[in-house]
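Visitor: Supplied in C-alpha cells, the structure appears directly below.
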Amino acid sequence: MDSDTLEIISVWLNYGFPVLLILLAYFIGTIIEKRHFRNIRAREKINREYPVVSLDTMPEDWNATASTLVTGSVVISLDYFKRVIAGLRAIVGGRIKTYEPLLERARREAVLRMTESARRQGYDAIFNVRLETSRLANSRGDGNGTAGVEMLAFGTAVRRDSRFAPVADRI
Amino acid sequence: MKFVSRQPREGINVSDTHPLVEAGTLVAGLTAIFLLFAVVLIFLIDLALYFVPPDKEAALFRDWLPDDLVTVSPADTRLDETQRVLDRMAFHWGDAPYAFRLEIDASELANAMALPGGLIVVTEGLLAQVESENELAFVLGHELGHYRNRDHLRALGRGIVFSVVLAAVTGDDASNLGINVADLALRSFSRKQELAADEFGLELVYTNYGHVNEAWRLFDRWDDGDRSLLDIVSYTSTHPQPGNRVDSLEQLARDRGWPTSGPVTALSW
C-alpha cells in the first residue's frame, strides 16, 4: 500500500468516522425516541382516568383508608448526536432544543411508572405529586459531560373507602 | 373543583424545530462566525506587519525557514552562485535593511518568492530554465523590489491564519504552526506592485551590468511557448503574464535609456 492510500485511509478515519458515528447516532436515536413517545402516549391513554395531581390536600368528601409513598424514576441517556449539537449550542447559548424531548420523555415516563405502581398496589389516586431531576453520571473522567438524566416522580398514593362499604365505623 | 382527566398536551415543552435543522443552523452559523473571525485576523495581522520596521522584521525572522521547504544539499554549487548574484544585486540597493539569504526549494515548478526577513526562495524548476546570469539577476532583482516596497509582508497574515486554522481542524499541536511555502505561493501581488518591483529589479540589473541585455529573455522564451505550460504556471500565477511584462520592460528600458545590448555572463550549471 503506498503512502497516498494510507493518507486517504487516515483522513477517512479521522474525519469520516466521527461524522458516520453522529449520523448513526441520529438515526438510531430518532427511532428509539419515536418508539418511546408512542409507548408513552399509549400508556397515558390507559391511565387517563386515574387522578394524578399536585394538590397536597384531598377533596373533603374523601376518606382515606390507606396511603403510601409511590415513586417512579427513569434514567435516560443522551445520544451522541444530541450531545454534539448541544455542545455546539453551548458555544453561542440559547435553547438546547435537542435536550427538550429527552427531558419530556423522562418526565412523562417517570409519572407513568409512578402511576402504574400505585394502580398495581390498588390505590385510587396520587396526591402531592412532585418531580425531581438530577444529573446522574459523568460521561468523562474529568467530571464534565453528562451521560444521562434521571427523573424521579413521587407522590402520596391514597386508597379511599368504598362508597358501598358500610359506614358504621364512620362517625 | 372537579377532576377532569386529560392526557398531557404535546408540544409545550418540546420545540418543534427538527433536530437536523437545528444541527444545520448551528454548524452553518458557527462556520460563518469562524470564517469571519479568520478574515478579520488576517486583516489585522497584515495591518500590524506593515508597521513592523524592516530591521525588526529581519531580527524576528533571522534563522527562520518555511516548514515545508525542501532545501537542496548545502554543497550544491547553484546555491553559492545564486547567492553571489543576489549579494551583488543587493549591494547596488545600497542601504538594504535586510541581510538577504537564499534557499533553493527542490520543486519542479518554476517560481521565486520573497519571504519575511530577507529570505529569497527560488525553485530548482526556475534554475533549470534560466540560461544566463543576467536572466537570474533580473528575477532576483525583481524579488528585491518586493522587499523595497515591502510587498512581501502583504497577505502574510493569510499564510499564518491558514496554518492556524489547518492546525485547529486537523488537531495538530501548536508547535507545528508556521508559514508554509505552499500558502505563500498562493498569494499574488497587484499589477502595480509587480511593475514597481520590475522597475527596481531592472535598475539593479542595469547598475550591475551597465546594460539590460537578456534581463527578460526568460519571459520572452515563455511567451514564445517553448516551455510546457505546467512548468511556468507556478511563476506566472504569482507574477505578470510574460507577454505584457516583456512589453512594459522594453518600454521601461527605452524610457530610461538603458542599453539593451552588452556582454552576457554565462552560468556555471
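All residue names refer to the C-alpha cells as shown: chains lettered A, B, ... in order, residues numbered from 1 in each chain, ligands numbered from 1 in order.
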Pick out the chain B residues within 8 Å of chain A. Count only C-alpha atoms. Give them as a PyMOL selection string.

Guide: chain B and resi 3+5-8+13-15+17+19+22-23+26-27

Visitor: Using C-alpha atoms, can you write the selected residues to a file as a PDB file, in the first residue's frame?

Guide:
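again.pdb, freshly written:
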ATOM      1  CA  PHE B   3     -61.243  16.399  38.437  1.00  0.00           C
ATOM      2  CA  SER B   5     -58.905  13.616  33.296  1.00  0.00           C
ATOM      3  CA  ARG B   6     -56.815  14.732  30.397  1.00  0.00           C
ATOM      4  CA  GLN B   7     -53.874  13.419  28.551  1.00  0.00           C
ATOM      5  CA  PRO B   8     -50.800  15.619  28.747  1.00  0.00           C
ATOM      6  CA  ASN B  13     -42.013  21.553  26.441  1.00  0.00           C
ATOM      7  CA  VAL B  14     -40.543  20.323  23.196  1.00  0.00           C
ATOM      8  CA  SER B  15     -39.546  22.675  20.402  1.00  0.00           C
ATOM      9  CA  THR B  17     -37.606  22.557  15.332  1.00  0.00           C
ATOM     10  CA  PRO B  19     -33.076  18.292  15.094  1.00  0.00           C
ATOM     11  CA  GLU B  22     -31.060  22.800  14.493  1.00  0.00           C
ATOM     12  CA  ALA B  23     -27.820  20.986  13.638  1.00  0.00           C
ATOM     13  CA  LEU B  26     -25.604  25.697  14.309  1.00  0.00           C
ATOM     14  CA  VAL B  27     -22.951  24.254  12.011  1.00  0.00           C
TER      15      VAL B  27
END

Visitor: For Tyr123 of chain A, work out the shell of residues within 6 Å, counting only C-alpha atoms and skipping chain neighbours fewer than 5 positions away, then give it as a tab-separated table (two decimals) with N, CA and C atoms, in the first residue's frame.

Guide:
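Written file, out-v6.tsv:
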chain	number	residue	atom	x	y	z
A	118	ALA	N	-48.79	2.72	41.60
A	118	ALA	CA	-49.90	2.98	42.51
A	118	ALA	C	-51.12	2.14	42.15
A	157	ALA	N	-49.87	8.10	47.35
A	157	ALA	CA	-50.98	7.33	46.79
A	157	ALA	C	-52.00	7.09	47.90
A	158	VAL	N	-53.25	7.27	47.58
A	158	VAL	CA	-54.31	7.20	48.60
A	158	VAL	C	-55.36	6.18	48.16
A	159	ARG	N	-55.78	5.34	49.14
A	159	ARG	CA	-56.92	4.46	48.88
A	159	ARG	C	-58.09	5.02	49.68

Visitor: List every residue of segment 38-153 of chain B that DSSP, applied to the backbone, labels as strand (DSSP E or B), and write the result as a list in words.

Guide: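 Of segment 38-153 of chain B, the ones in strand (DSSP E or B) are Thr71, Arg101, Leu102, Glu103, Ile104, Asp105, Ala112, Met113, Ala114, Leu115, Leu119, Ile120, Val121, Val122, Thr123 and Ser132 of chain B.
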
Visitor: Env of segment 106-116 of chain B: 7 Å cut, atoms = only C-alpha atoms, seq-sep filter 6 positions within chain, self excluded. Answer as a list in words.

Guide: Phe61, Val70, Thr71, Val72, Val122, Thr123, Glu124, Gly125, Leu126, Glu143, His146, His152, Leu153, Asp231, Ile232, Ser234 and Tyr235 of chain B

Visitor: Just to be explicit: take each residue in the selection above, keep C-alpha atoms, and write the result as a compact mmCIF listing (two decimals), in the first residue's frame.

Guide:
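Saved as out.txt:
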# COMPACT_ATOMS: atom_id res chain seq x y z
CA PHE B 61 12.93 36.10 11.05
CA VAL B 70 12.69 21.13 0.84
CA THR B 71 16.18 22.51 0.63
CA VAL B 72 18.85 21.17 -1.69
CA VAL B 122 13.96 30.07 -5.82
CA THR B 123 12.89 26.67 -7.07
CA GLU B 124 15.02 24.15 -8.90
CA GLY B 125 12.44 24.42 -11.69
CA LEU B 126 13.32 28.09 -12.17
CA GLU B 143 12.19 39.96 -5.68
CA HIS B 146 9.24 43.48 -3.44
CA HIS B 152 6.38 40.58 0.78
CA LEU B 153 4.51 41.25 4.02
CA ASP B 231 6.49 24.37 -15.96
CA ILE B 232 5.76 28.06 -15.77
CA SER B 234 3.53 28.45 -10.85
CA TYR B 235 5.60 31.55 -11.62
